[in-house]
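Structure data (mmCIF, C-alpha atoms) from coords-v3.cif:
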data_query
loop_
_atom_site.label_atom_id
_atom_site.label_comp_id
_atom_site.auth_asym_id
_atom_site.auth_seq_id
_atom_site.Cartn_x
_atom_site.Cartn_y
_atom_site.Cartn_z
CA MET A 8 -236.85 17.81 4.07
CA GLY A 9 -235.63 21.29 4.98
CA GLU A 10 -234.45 23.96 2.60
CA PRO A 11 -231.07 23.31 1.05
CA GLY A 12 -228.12 24.96 2.74
CA ALA A 13 -225.23 26.76 1.11
CA TRP A 14 -223.94 23.59 -0.60
CA GLY A 15 -227.34 22.80 -2.05
CA GLU A 16 -227.90 26.32 -3.33
CA ILE A 17 -224.57 26.24 -5.19
CA THR A 18 -224.64 22.73 -6.61
CA ALA A 19 -228.28 22.31 -7.47
CA GLY A 20 -228.47 21.96 -11.24
CA LEU A 21 -224.99 23.40 -11.78
CA GLY A 22 -221.76 22.06 -13.28
CA VAL A 23 -218.30 22.86 -12.02
CA SER A 24 -217.13 25.25 -14.76
CA ARG A 25 -215.92 28.66 -13.68
CA PRO A 26 -218.45 30.75 -15.69
CA VAL A 27 -221.44 28.84 -14.29
CA LEU A 28 -220.11 28.94 -10.75
CA VAL A 29 -219.32 32.67 -10.85
CA ALA A 30 -222.70 33.46 -12.43
CA ARG A 31 -224.56 31.66 -9.65
CA LEU A 32 -222.51 33.36 -6.95
CA MET A 33 -223.10 36.76 -8.57
CA GLU A 34 -226.85 36.10 -8.51
CA LEU A 35 -226.66 35.48 -4.77
CA ASP A 36 -224.48 38.58 -4.37
CA ALA A 37 -226.99 40.72 -6.26
CA ALA A 38 -229.76 39.47 -4.01
CA GLY A 39 -227.67 40.27 -0.94
CA ALA A 40 -227.60 36.62 0.11
CA LEU A 41 -223.94 35.76 -0.64
CA THR A 42 -222.05 34.47 2.38
CA THR A 43 -218.63 33.02 3.09
CA ALA A 44 -220.26 29.60 3.29
CA HIS A 45 -221.39 29.97 -0.32
CA VAL A 46 -217.86 30.82 -1.40
CA ARG A 47 -216.37 27.85 0.47
CA ALA A 48 -218.96 25.53 -1.05
CA GLY A 49 -218.25 26.92 -4.52
CA ALA A 50 -214.53 26.36 -4.01
CA GLN A 51 -215.21 22.70 -3.18
CA VAL A 52 -217.39 22.32 -6.27
CA GLY A 53 -214.81 23.99 -8.53
CA GLY A 54 -211.86 22.15 -7.03
CA VAL A 55 -210.06 25.39 -6.11
CA THR A 56 -209.37 27.38 -2.97
CA ALA A 57 -211.80 29.88 -1.48
CA ARG A 58 -209.24 32.62 -2.14
CA THR A 59 -209.36 31.79 -5.85
CA VAL A 60 -213.16 32.04 -5.87
CA TRP A 61 -212.97 35.47 -4.21
CA ARG A 62 -210.56 36.56 -6.99
CA TRP A 63 -213.03 35.29 -9.59
CA LEU A 64 -215.80 37.30 -7.99
CA ASP A 65 -213.63 40.42 -7.84
CA ALA A 66 -212.85 40.09 -11.58
CA ALA A 67 -216.56 39.71 -12.34
CA ARG A 68 -217.43 42.81 -10.31
CA THR A 69 -214.65 45.10 -11.56
CA GLU A 70 -214.03 43.84 -15.12
CA GLY A 71 -217.25 42.04 -15.96
CA ARG A 72 -215.12 38.97 -16.76
CA VAL A 73 -216.16 35.47 -15.76
CA GLU A 74 -213.74 33.61 -18.05
CA ARG A 75 -210.05 33.11 -17.43
CA ARG A 76 -207.96 35.94 -18.82
CA PRO A 77 -206.43 34.74 -22.13
CA ARG A 78 -202.72 34.08 -21.84
CA ALA A 79 -200.53 35.90 -24.35
CA ARG A 80 -198.93 33.54 -26.87
CA LEU A 81 -195.17 33.74 -26.84
CA GLU A 82 -193.66 34.12 -30.32
CA LEU A 83 -190.02 34.29 -31.40
CA SER A 84 -188.90 36.89 -33.92
CA ASP A 85 -187.08 35.99 -37.14
CA GLN A 86 -183.91 37.44 -35.62
CA ALA A 87 -184.26 35.11 -32.62
CA TRP A 88 -184.65 32.14 -34.96
CA GLU A 89 -181.51 33.23 -36.82
CA VAL A 90 -179.60 33.36 -33.54
CA LEU A 91 -180.93 29.91 -32.70
CA ALA A 92 -179.85 28.59 -36.10
CA GLN A 93 -176.35 30.01 -35.69
CA ALA A 94 -176.19 28.33 -32.26
CA GLY A 95 -177.05 24.97 -33.79
CA GLY A 96 -180.44 24.85 -32.04
CA ASN A 97 -179.03 25.51 -28.55
CA VAL A 98 -181.88 27.26 -26.71
CA SER A 99 -179.60 28.25 -23.82
CA VAL A 100 -177.52 30.37 -26.22
CA LEU A 101 -180.69 32.12 -27.39
CA TYR A 102 -181.71 32.70 -23.77
CA ARG A 103 -178.36 34.35 -22.97
CA TYR A 104 -178.61 36.45 -26.13
CA LEU A 105 -182.08 37.73 -25.18
CA LYS A 106 -180.93 38.55 -21.65
CA GLY A 107 -177.97 40.45 -23.03
CA ALA A 108 -180.26 42.43 -25.35
CA GLY A 109 -182.27 43.65 -22.35
CA GLY A 110 -186.01 43.94 -21.93
CA GLN A 111 -188.47 41.33 -20.68
CA VAL A 112 -187.12 37.81 -21.26
CA PRO A 113 -189.18 34.61 -20.87
CA SER A 114 -187.83 31.78 -18.80
CA LEU A 115 -185.55 29.14 -20.30
CA ALA A 116 -188.30 26.54 -19.91
CA SER A 117 -190.75 28.78 -21.80
CA LEU A 118 -188.25 29.21 -24.63
CA HIS A 119 -187.83 25.44 -24.85
CA ARG A 120 -191.62 25.01 -25.07
CA VAL A 121 -191.98 27.67 -27.80
CA VAL A 122 -189.15 26.23 -29.92
CA ARG A 123 -190.51 22.70 -29.56
CA ARG A 124 -194.05 23.89 -30.40
CA ASP A 125 -193.01 25.74 -33.57
CA LEU A 126 -190.73 22.94 -34.78
CA GLN A 127 -193.57 20.45 -34.39
CA ALA A 128 -195.81 22.85 -36.34
CA GLY A 129 -193.44 22.75 -39.32
CA ARG A 130 -190.88 25.45 -38.61
CA VAL A 131 -187.51 24.41 -40.08
CA LEU A 132 -184.31 25.29 -38.27
CA PRO A 133 -181.57 25.89 -40.87
CA ASP A 134 -178.27 24.11 -40.52
CA ARG A 135 -175.67 26.24 -38.74
CA ALA A 136 -173.05 25.75 -41.44
CA VAL A 137 -175.51 26.75 -44.15
CA VAL A 138 -176.50 29.93 -42.29
CA ARG A 139 -172.86 30.88 -41.77
CA GLN A 140 -171.96 30.20 -45.41
CA GLU A 141 -174.91 32.24 -46.72
CA ARG A 142 -173.99 35.15 -44.44
CA GLU A 143 -170.33 35.08 -45.51
CA GLU A 144 -171.27 34.89 -49.21
CA HIS A 145 -173.64 37.83 -48.83
CA GLN A 146 -170.96 39.85 -47.03
CA THR A 147 -168.42 39.06 -49.75
CA ARG A 148 -170.79 40.08 -52.56
CA GLN A 149 -171.70 43.27 -50.70
CA ALA A 150 -168.04 44.12 -50.10
CA LEU A 151 -167.19 43.71 -53.78
CA ALA A 152 -170.19 45.80 -54.80
CA ASP A 153 -169.32 48.53 -52.27
CA LEU A 154 -165.73 48.60 -53.50
CA ALA A 155 -166.76 48.92 -57.12
CA LEU A 156 -169.39 51.57 -56.42
CA ALA A 157 -167.05 53.56 -54.19
CA ARG A 158 -164.35 53.68 -56.86
CA LEU A 159 -166.95 54.57 -59.49
CA ARG A 160 -168.07 57.51 -57.39
CA GLU A 161 -164.46 58.71 -57.19
CA GLY A 162 -164.30 58.93 -60.97
CA ASP A 163 -162.16 55.85 -61.62
CA ALA A 164 -164.78 54.51 -64.02
CA ALA A 165 -164.19 57.45 -66.31
CA LYS A 166 -160.41 56.84 -66.19
CA VAL A 167 -160.88 53.17 -67.01
CA ALA A 168 -163.19 54.04 -69.90
CA ALA A 169 -160.65 56.54 -71.20
CA ARG A 170 -157.89 53.92 -71.17
CA ARG A 171 -160.07 51.25 -72.77
CA PRO A 172 -162.52 52.64 -75.34
CA THR A 173 -165.60 50.48 -75.69
CA HIS A 174 -167.36 49.48 -78.86
CA PRO A 175 -171.09 50.02 -79.29
CA ALA A 176 -173.14 47.01 -78.20
CA SER A 177 -174.65 44.99 -80.97
CA ALA A 178 -178.41 45.18 -81.35
CA GLU A 179 -178.72 41.41 -80.96
CA VAL A 180 -176.68 38.78 -79.21
CA ALA A 181 -177.19 35.12 -80.06
CA GLY A 182 -180.28 36.04 -82.03
CA ALA A 183 -182.06 38.09 -79.34
CA PRO A 184 -181.87 41.58 -77.77
CA ALA A 185 -179.00 42.03 -75.35
CA GLY A 186 -180.52 44.84 -73.33
CA GLU A 187 -182.24 42.80 -70.65
CA SER A 188 -182.32 44.51 -67.30
CA GLY A 189 -179.77 43.43 -64.76
CA ALA A 190 -182.21 44.17 -61.92
CA LEU A 191 -184.26 41.02 -62.34
CA GLU A 192 -185.42 39.85 -58.92
CA GLY A 193 -183.42 36.97 -57.54
CA VAL A 194 -180.50 37.38 -59.96
CA VAL A 195 -177.15 38.73 -58.71
CA LEU A 196 -174.90 40.20 -61.40
CA PRO A 197 -171.57 42.05 -61.37
CA ALA A 198 -171.91 45.83 -61.43
CA GLY A 199 -172.70 47.02 -64.95
CA ALA A 200 -173.72 43.58 -66.25
CA GLN A 201 -176.88 42.90 -68.24
CA LEU A 202 -178.88 39.75 -68.76
CA VAL A 203 -178.69 38.28 -72.24
CA ARG A 204 -181.50 36.33 -73.86
CA THR A 205 -179.62 33.30 -75.15
CA SER A 206 -180.98 30.39 -77.15
CA SER A 207 -181.39 28.45 -73.87
CA VAL A 208 -183.50 31.25 -72.42
CA ARG A 209 -185.75 31.19 -75.46
CA ALA A 210 -186.09 27.41 -75.25
CA VAL A 211 -186.99 27.56 -71.55
CA ALA A 212 -189.49 30.37 -72.20
CA GLU A 213 -191.14 28.29 -74.92
CA ALA A 214 -191.37 25.19 -72.72
CA VAL A 215 -192.77 27.14 -69.75
CA GLY A 216 -195.24 29.00 -71.99
CA GLN A 217 -196.59 25.76 -73.41
CA ALA A 218 -196.96 24.32 -69.91
CA MET A 219 -198.85 27.43 -68.78
CA ALA A 220 -201.27 26.97 -71.67
CA THR A 221 -202.17 23.48 -70.40
CA GLN A 222 -201.44 23.98 -66.66
CA GLY A 223 -198.79 21.29 -66.98
CA ALA A 224 -195.34 20.70 -65.52
CA VAL A 225 -191.82 21.41 -66.74
CA CYS A 226 -188.45 20.08 -65.59
CA VAL A 227 -185.51 22.42 -66.30
CA PHE A 228 -182.20 20.61 -65.77
CA GLY A 229 -178.52 20.81 -66.65
CA ASP A 230 -175.13 20.94 -65.00
CA PRO A 231 -174.50 23.56 -62.30
CA GLY A 232 -173.74 27.11 -63.42
CA ARG A 233 -175.36 26.96 -66.85
CA GLY A 234 -177.99 29.58 -66.04
CA LYS A 235 -181.08 27.46 -65.39
CA THR A 236 -182.49 29.71 -62.67
CA VAL A 237 -181.76 32.88 -64.65
CA ALA A 238 -183.41 31.38 -67.74
CA VAL A 239 -186.57 30.54 -65.76
CA ARG A 240 -186.66 33.99 -64.14
CA MET A 241 -186.27 35.69 -67.52
CA ALA A 242 -188.99 33.47 -68.99
CA LEU A 243 -191.35 34.42 -66.16
CA ASP A 244 -190.35 38.07 -65.85
CA GLU A 245 -193.45 39.13 -67.79
CA VAL A 246 -196.27 36.63 -67.48
CA PRO A 247 -199.71 37.15 -69.10
CA ALA A 248 -202.34 39.11 -67.22
CA GLY A 249 -204.12 37.08 -64.58
CA TRP A 250 -201.11 34.91 -63.81
CA LYS A 251 -198.95 34.99 -60.69
CA VAL A 252 -195.50 33.53 -60.13
CA THR A 253 -194.40 32.06 -56.79
CA TRP A 254 -190.88 30.81 -56.07
CA VAL A 255 -190.78 28.15 -53.37
CA PRO A 256 -187.38 27.74 -51.67
CA VAL A 257 -186.32 24.21 -50.81
CA PRO A 258 -185.72 23.96 -47.04
CA VAL A 259 -182.53 22.64 -45.55
CA ARG A 260 -182.97 18.89 -44.93
CA PRO A 261 -186.38 19.02 -46.62
CA SER A 262 -189.32 17.19 -45.10
CA VAL A 263 -193.00 17.22 -45.95
CA ALA A 264 -193.70 19.47 -42.94
CA GLY A 265 -190.91 21.84 -43.99
CA MET A 266 -192.10 21.86 -47.60
CA ARG A 267 -195.66 22.58 -46.49
CA ARG A 268 -194.39 25.53 -44.45
CA ALA A 269 -192.20 26.73 -47.35
CA VAL A 270 -195.19 26.80 -49.73
CA PHE A 271 -197.35 28.55 -47.12
CA ASP A 272 -194.71 31.24 -46.56
CA ALA A 273 -193.96 31.66 -50.27
CA LEU A 274 -197.64 32.36 -50.95
CA ALA A 275 -197.55 35.05 -48.21
CA LEU A 276 -200.83 33.79 -46.76
CA PRO A 277 -202.36 35.90 -43.95
CA GLY A 278 -202.31 34.77 -40.36
CA ARG A 279 -200.11 32.30 -38.58
CA PHE A 280 -199.09 28.96 -39.97
CA PRO A 281 -201.80 26.42 -38.97
CA HIS A 282 -200.90 23.84 -36.36
CA THR A 283 -202.46 20.95 -38.28
CA SER A 284 -201.47 19.71 -41.72
CA ALA A 285 -205.11 19.54 -42.83
CA ARG A 286 -205.69 23.24 -42.15
CA ALA A 287 -202.38 24.19 -43.77
CA ASP A 288 -203.20 22.17 -46.90
CA ALA A 289 -206.67 23.72 -47.07
CA ALA A 290 -205.20 27.24 -46.83
CA VAL A 291 -202.60 26.52 -49.53
CA ALA A 292 -205.13 24.90 -51.87
CA GLY A 293 -207.46 27.86 -51.43
CA ALA A 294 -204.67 30.27 -52.44
CA LEU A 295 -203.85 28.20 -55.53
CA ASP A 296 -207.30 28.48 -57.06
CA GLN A 297 -206.03 31.25 -59.36
CA ALA A 298 -203.70 30.76 -62.33
CA ARG A 299 -200.22 30.54 -60.86
CA VAL A 300 -196.77 29.29 -61.79
CA LEU A 301 -195.20 27.46 -58.87
CA VAL A 302 -191.41 27.34 -59.29
CA VAL A 303 -189.30 25.04 -57.11
CA ASP A 304 -185.59 25.70 -57.56
CA GLU A 305 -183.01 23.15 -56.39
CA ALA A 306 -185.68 20.48 -56.82
CA GLN A 307 -183.01 17.77 -56.94
CA ARG A 308 -182.73 18.08 -53.14
CA LEU A 309 -186.32 16.99 -52.60
CA PRO A 310 -186.99 13.43 -51.40
CA ALA A 311 -189.84 11.43 -52.93
CA LEU A 312 -192.30 12.37 -50.16
CA CYS A 313 -191.81 16.09 -50.81
CA LEU A 314 -192.29 15.56 -54.54
CA GLU A 315 -195.48 13.65 -53.75
CA TYR A 316 -196.68 16.64 -51.71
CA LEU A 317 -196.10 18.98 -54.68
CA GLN A 318 -197.90 16.51 -56.93
CA SER A 319 -200.86 16.49 -54.52
CA LEU A 320 -201.12 20.28 -54.82
CA TRP A 321 -200.91 20.06 -58.59
CA ASP A 322 -203.50 17.24 -58.80
CA HIS A 323 -205.91 18.94 -56.39
CA PRO A 324 -209.17 19.65 -58.27
CA GLY A 325 -209.38 23.18 -56.89
CA THR A 326 -205.90 24.38 -57.90
CA ARG A 327 -204.69 25.93 -61.15
CA ILE A 328 -200.94 25.39 -61.12
CA THR A 329 -198.19 25.24 -63.67
CA LEU A 330 -195.35 23.43 -61.91
CA VAL A 331 -191.73 24.26 -62.81
CA LEU A 332 -189.08 22.05 -61.21
CA CYS A 333 -185.57 23.38 -61.73
CA GLY A 334 -182.13 22.23 -60.67
CA ALA A 335 -178.99 20.33 -61.55
CA GLY A 336 -180.06 16.70 -61.28
CA SER A 337 -183.77 17.45 -60.95
CA GLU A 338 -184.47 15.01 -63.79
CA ARG A 339 -182.85 12.23 -61.75
CA ALA A 340 -184.87 13.18 -58.66
CA LEU A 341 -188.09 12.96 -60.67
CA ALA A 342 -187.07 9.56 -61.97
CA ARG A 343 -187.48 8.29 -58.41
CA LEU A 344 -191.18 9.17 -58.61
CA PRO A 345 -192.56 7.73 -61.88
CA GLN A 346 -196.12 8.91 -61.21
CA LEU A 347 -194.91 12.53 -61.26
CA ALA A 348 -192.29 12.05 -63.99
CA SER A 349 -195.00 10.70 -66.31
CA ARG A 350 -196.89 13.98 -65.92
CA ILE A 351 -193.99 16.21 -67.02
CA ASP A 352 -194.93 17.95 -70.27
CA ALA A 353 -191.41 19.12 -71.16
CA TRP A 354 -187.92 18.04 -70.13
CA GLN A 355 -185.87 21.14 -70.95
CA GLU A 356 -182.11 20.87 -70.66
CA VAL A 357 -179.98 24.01 -70.42
CA PRO A 358 -176.69 23.18 -72.18
CA CYS A 359 -173.38 24.97 -71.81
CA LEU A 360 -172.56 27.73 -74.26
CA THR A 361 -170.56 26.85 -77.34
CA GLY A 362 -167.35 28.79 -77.97
CA ALA A 363 -168.92 30.99 -80.63
CA GLU A 364 -172.05 31.62 -78.56
CA ALA A 365 -170.00 32.43 -75.44
CA ALA A 366 -168.05 35.09 -77.33
CA ALA A 367 -171.28 36.68 -78.59
CA VAL A 368 -173.08 36.48 -75.25
CA MET A 369 -170.23 37.96 -73.21
CA THR A 370 -169.98 41.11 -75.33
CA GLY A 371 -173.61 41.75 -74.44
CA PHE A 372 -173.23 40.62 -70.85
CA HIS A 373 -170.67 43.22 -69.74
CA PRO A 374 -168.87 46.20 -71.36
CA LEU A 375 -165.49 44.86 -70.19
CA TRP A 376 -165.64 42.08 -72.76
CA ARG A 377 -166.53 44.31 -75.73
CA THR A 378 -162.90 45.34 -76.23
CA VAL A 379 -161.60 41.77 -76.13
CA PRO A 380 -161.22 40.16 -79.58
CA ASP A 381 -163.34 37.11 -80.39
CA PRO A 382 -160.32 34.74 -80.54
CA ASP A 383 -159.36 35.76 -77.00
CA LEU A 384 -162.94 35.31 -75.77
CA ARG A 385 -162.97 31.80 -77.22
CA TRP A 386 -159.59 31.12 -75.58
CA ILE A 387 -161.03 32.25 -72.21
CA ASP A 388 -164.01 29.96 -72.63
CA GLN A 389 -161.86 27.00 -73.68
CA SER A 390 -159.25 27.54 -70.96
CA CYS A 391 -161.47 28.47 -68.02
CA ALA A 392 -165.23 29.00 -68.37
CA HIS A 393 -166.13 26.00 -70.59
CA GLY A 394 -169.46 27.55 -71.52
CA THR A 395 -170.57 27.98 -67.89
CA LEU A 396 -172.32 31.28 -67.26
CA ARG A 397 -171.60 31.24 -63.53
CA THR A 398 -167.86 30.98 -64.17
CA TRP A 399 -168.05 33.83 -66.68
CA ALA A 400 -169.90 35.98 -64.11
CA ALA A 401 -167.30 35.24 -61.41
CA LEU A 402 -164.47 35.99 -63.83
CA THR A 403 -166.16 39.27 -64.79
CA ALA A 404 -166.38 40.33 -61.13
CA HIS A 405 -162.70 39.54 -60.52
CA LEU A 406 -161.64 41.35 -63.70
CA GLN A 407 -163.70 44.39 -62.81
CA ASN A 408 -162.19 44.47 -59.32
CA ALA A 409 -158.65 44.14 -60.72
CA LEU A 410 -159.18 47.05 -63.10
CA LEU A 411 -160.72 49.26 -60.43
CA THR A 412 -158.03 48.61 -57.83
CA SER A 413 -154.94 48.83 -60.05
CA THR A 414 -153.98 51.88 -62.10
CA ASP A 415 -151.80 49.98 -64.56
CA ALA A 416 -153.87 46.82 -65.09
CA ALA A 417 -154.67 45.80 -68.66
CA VAL A 418 -156.92 43.09 -70.01
CA ASP A 419 -154.29 40.70 -71.34
CA ARG A 420 -153.65 36.99 -71.10
CA ALA A 421 -151.24 37.38 -68.18
CA LEU A 422 -153.93 39.04 -66.05
CA LEU A 423 -156.57 36.57 -67.20
CA ARG A 424 -154.40 33.55 -66.36
CA ARG A 425 -153.95 34.95 -62.85
CA LEU A 426 -157.70 35.39 -62.49
CA PHE A 427 -158.35 31.87 -63.82
CA ARG A 428 -156.78 30.47 -60.65
CA ARG A 429 -159.36 32.34 -58.56
CA VAL A 430 -162.46 30.98 -60.28
CA VAL A 431 -161.37 27.43 -61.11
CA PRO A 432 -161.20 25.06 -58.13
CA PRO A 433 -157.89 23.24 -57.64
CA LEU A 434 -157.80 19.63 -58.72
#
Can I see the file as structure tokens?
Amino acid sequence: MGEPGAWGEITAGLGVSRPVLVARLMELDAAGALTTAHVRAGAQVGGVTARTVWRWLDAARTEGRVERRPRARLELSDQAWEVLAQAGGNVSVLYRYLKGAGGQVPSLASLHRVVRRDLQAGRVLPDRAVVRQEREEHQTRQALADLALARLREGDAAKVAARRPTHPASAEVAGAPAGESGALEGVVLPAGAQLVRTSSVRAVAEAVGQAMATQGAVCVFGDPGRGKTVAVRMALDEVPAGWKVTWVPVPVRPSVAGMRRAVFDALALPGRFPHTSARADAAVAGALDQARVLVVDEAQRLPALCLEYLQSLWDHPGTRITLVLCGAGSERALARLPQLASRIDAWQEVPCLTGAEAAAVMTGFHPLWRTVPDPDLRWIDQSCAHGTLRTWAALTAHLQNALLTSTDAAVDRALLRRLFRRVVPPL
């Protein structure tokens, strides 16, 4: 048989991958034997056009690259996801928003692929109504704070103090110091308010501390507005050395994929969220090998599968977790999963304040209440607040705003009755 021609020289002992093909052609080129016939034969072997093979050779000569150039991964910013959430998941709205913002914009089809890819990887798209409500609530709180601070800067606070002399704060309120900082992370208070360590806070701190000693689990429950979240935050404000605290938000319409992503994000793990559940679980378990309190607020919204996922993290032999499940109705949610409920070390209820305790707590909570006699404070609690801390906080904000915006306002029952209608929902 004669010597192999161009086809034989290319295909002999070679596969059809681009690196192998380009390497063989470059060898012929270095020897000065490369011809157009070789390129055409290589194109047939690789299943591409001859023009493509020439481009491969040019990249190898000029860039030293025989592999395909890696394609940049398209990622959406958090702002883009917020726009998408506000649009109810309509990708076309996001596309028009990006075009209006200027700059380089991917195609609509590419945006659809990226959104579908990230949602399948566990990204949760918040409900549009929830996003709008959270934004409006934040704007309202900020407006009230700006109004109060602006009037304080103008000197109105001094005028109010001159009209209503305050009494010195007692050293203890409800058996504990009243001077807790109002800047506790995650707690929003009216301007000038301070956290108060009530008997419920002490009970929650004791239950959580015992669970930390055994790496157990605690369920903190009670009706809405009683201060469950604040009590847990105060209990965990100063944890022992070597411990970390992580708050895991419950996603909207929680699923196991969404919960896995929420835990991953709450732990602030480096890198991108893995595209497989096995890798994500391995990364989370690796981060939980140090002593850590994992707090899940609004746990009553979690379905049984999400609770099972949290239990799997807690039961993992490589993790060191104290699990705190908090929320109004969380005890009923846990009842749906007996295998987790049986592992709860403490069921800690946060009750409403009694009339006497509410009067004592409020004088430490905000200076506005220190000039109000105890009988009136008990009347306020009986008529409006009913021992609910959230209602007291809302009433405090409205009272503060009324005093700052009116020169002749006085803390009397007429004003308070008018404010009651703002904080108590109509029947």
Where is the centre and how long are the edges: axis-aligned box on segment 368-374 of chain A, 8 Å on each side, Å to one decimal, as AutoDock Vina command-line options:
--center_x -171.2 --center_y 41.3 --center_z -72.5 --size_x 20.7 --size_y 25.7 --size_z 21.6
*Nearest candidate to Trp250 of chain A (options A:Pro310, A:Gly265, A:Gly49, A:Gly216; using all atoms listed in the file)*: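 Selected residue with least distance to Trp250 of chain A: A:Gly216.
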*the PyMOL selection byres ((chain A and resi 304-306) around 12) applied to the shown file, residues as number ranges by chain*: A: 193, 225-231, 235-240, 253-259, 261, 266, 301-303, 307-311, 313-314, 317, 330-341
_Could you tell me how far atom CA of Ser117 of chain A sits from atom CA of Gly54 of chain A, in Å to one decimal place?_
26.6 Å
*Check which residues satisfy the PyMOL selection byres ((chain A and resi 214) around 9) in the file shown, then give them as JSON, numbers by chain.*
{"A": [209, 210, 211, 212, 213, 215, 216, 217, 218, 219, 225, 352, 353, 354, 355]}
Residue subset to file, keeping C-alpha atoms, as an mmCIF file, keeping the file's coordinate frame:
data_model
loop_
_atom_site.group_PDB
_atom_site.id
_atom_site.type_symbol
_atom_site.label_atom_id
_atom_site.label_comp_id
_atom_site.auth_asym_id
_atom_site.auth_seq_id
_atom_site.Cartn_x
_atom_site.Cartn_y
_atom_site.Cartn_z
ATOM 1 C CA ARG A 209 -185.750 31.190 -75.460
ATOM 2 C CA ALA A 210 -186.090 27.410 -75.250
ATOM 3 C CA VAL A 211 -186.990 27.560 -71.550
ATOM 4 C CA ALA A 212 -189.490 30.370 -72.200
ATOM 5 C CA GLU A 213 -191.140 28.290 -74.920
ATOM 6 C CA VAL A 215 -192.770 27.140 -69.750
ATOM 7 C CA GLY A 216 -195.240 29.000 -71.990
ATOM 8 C CA GLN A 217 -196.590 25.760 -73.410
ATOM 9 C CA ALA A 218 -196.960 24.320 -69.910
ATOM 10 C CA MET A 219 -198.850 27.430 -68.780
ATOM 11 C CA VAL A 225 -191.820 21.410 -66.740
ATOM 12 C CA ASP A 352 -194.930 17.950 -70.270
ATOM 13 C CA ALA A 353 -191.410 19.120 -71.160
ATOM 14 C CA TRP A 354 -187.920 18.040 -70.130
ATOM 15 C CA GLN A 355 -185.870 21.140 -70.950
#
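Every residue that the PyMOL selection byres ((chain A and resi 389) around 12) selects in this file is listed here: A:Cys359, A:Leu360, A:Thr361, A:Gly362, A:Ala363, A:Ala365, A:Ala366, A:Pro382, A:Asp383, A:Leu384, A:Arg385, A:Trp386, A:Ile387, A:Asp388, A:Ser390, A:Cys391, A:Ala392, A:His393, A:Gly394, A:Thr395, A:Thr398, A:Trp399, A:Phe427.
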_Residue nearest Trp321 of chain A - candidates A:Ala116, A:Ala220, A:Val291, A:Ala50, atoms counted: all atoms listed in the file_ = A:Val291
_Atom-to-atom span, atom CA of Ala242 of chain A and atom CA of Leu202 of chain A, Å_ = 11.9 Å
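Relative to atom CA of Gly53 of chain A, atom CA of Arg25 of chain A is found at 7.0 Å.
Considering only C-alpha atoms, the residue among A:Val418, A:Leu118, A:Ala37, A:Val263 positioned nearest to Ser99 of chain A is A:Leu118.
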*With all atoms listed in the file as the basis for distance, which of A:Gln318, A:Gln222, A:Thr412, A:Thr205 is at the shortest distance from Leu344 of chain A?*
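With all atoms listed in the file as the atom set, the closest residue is A:Gln318.
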*Identify, on the basis of only C-alpha atoms, every residue whose closest approach to His282 of chain A does not exceed 10 Å; exclude the query and any residue fewer than 6 positions from it along the same chain; express the result as a ChimeraX atom specification.*
/A:124-125,127-129
*Pick the closest to Glu82 of chain A from A:Pro358, A:Pro380, A:Pro345, A:Pro113: which is it, counting only C-alpha atoms?*
A:Pro113
_Distance criterion (all atoms listed in the file): nearest to Arg279 of chain A out of A:Ala44, A:Val52, A:Ala66, A:Arg130_ =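 When distances to Arg279 of chain A are compared using all atoms listed in the file, the smallest one comes from A:Arg130.
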Residues of segment 224-317 of chain A at most 9 Å from segment 325-329 of chain A: nearest atom pair and distance in Å, only C-alpha atoms, as CSV:
residue,atom,partner,partner_atom,distance
A:Ala224,CA,A:Thr329,CA,5.7
A:Val225,CA,A:Thr329,CA,8.0
A:Ala292,CA,A:Thr326,CA,6.1
A:Gly293,CA,A:Gly325,CA,7.4
A:Ala294,CA,A:Thr326,CA,8.1
A:Leu295,CA,A:Thr326,CA,4.9
A:Asp296,CA,A:Thr326,CA,4.4
A:Gln297,CA,A:Arg327,CA,5.8
A:Ala298,CA,A:Arg327,CA,5.1
A:Arg299,CA,A:Ile328,CA,5.2
A:Val300,CA,A:Thr329,CA,4.7
A:Leu301,CA,A:Thr329,CA,6.1
A:Val302,CA,A:Thr329,CA,8.3
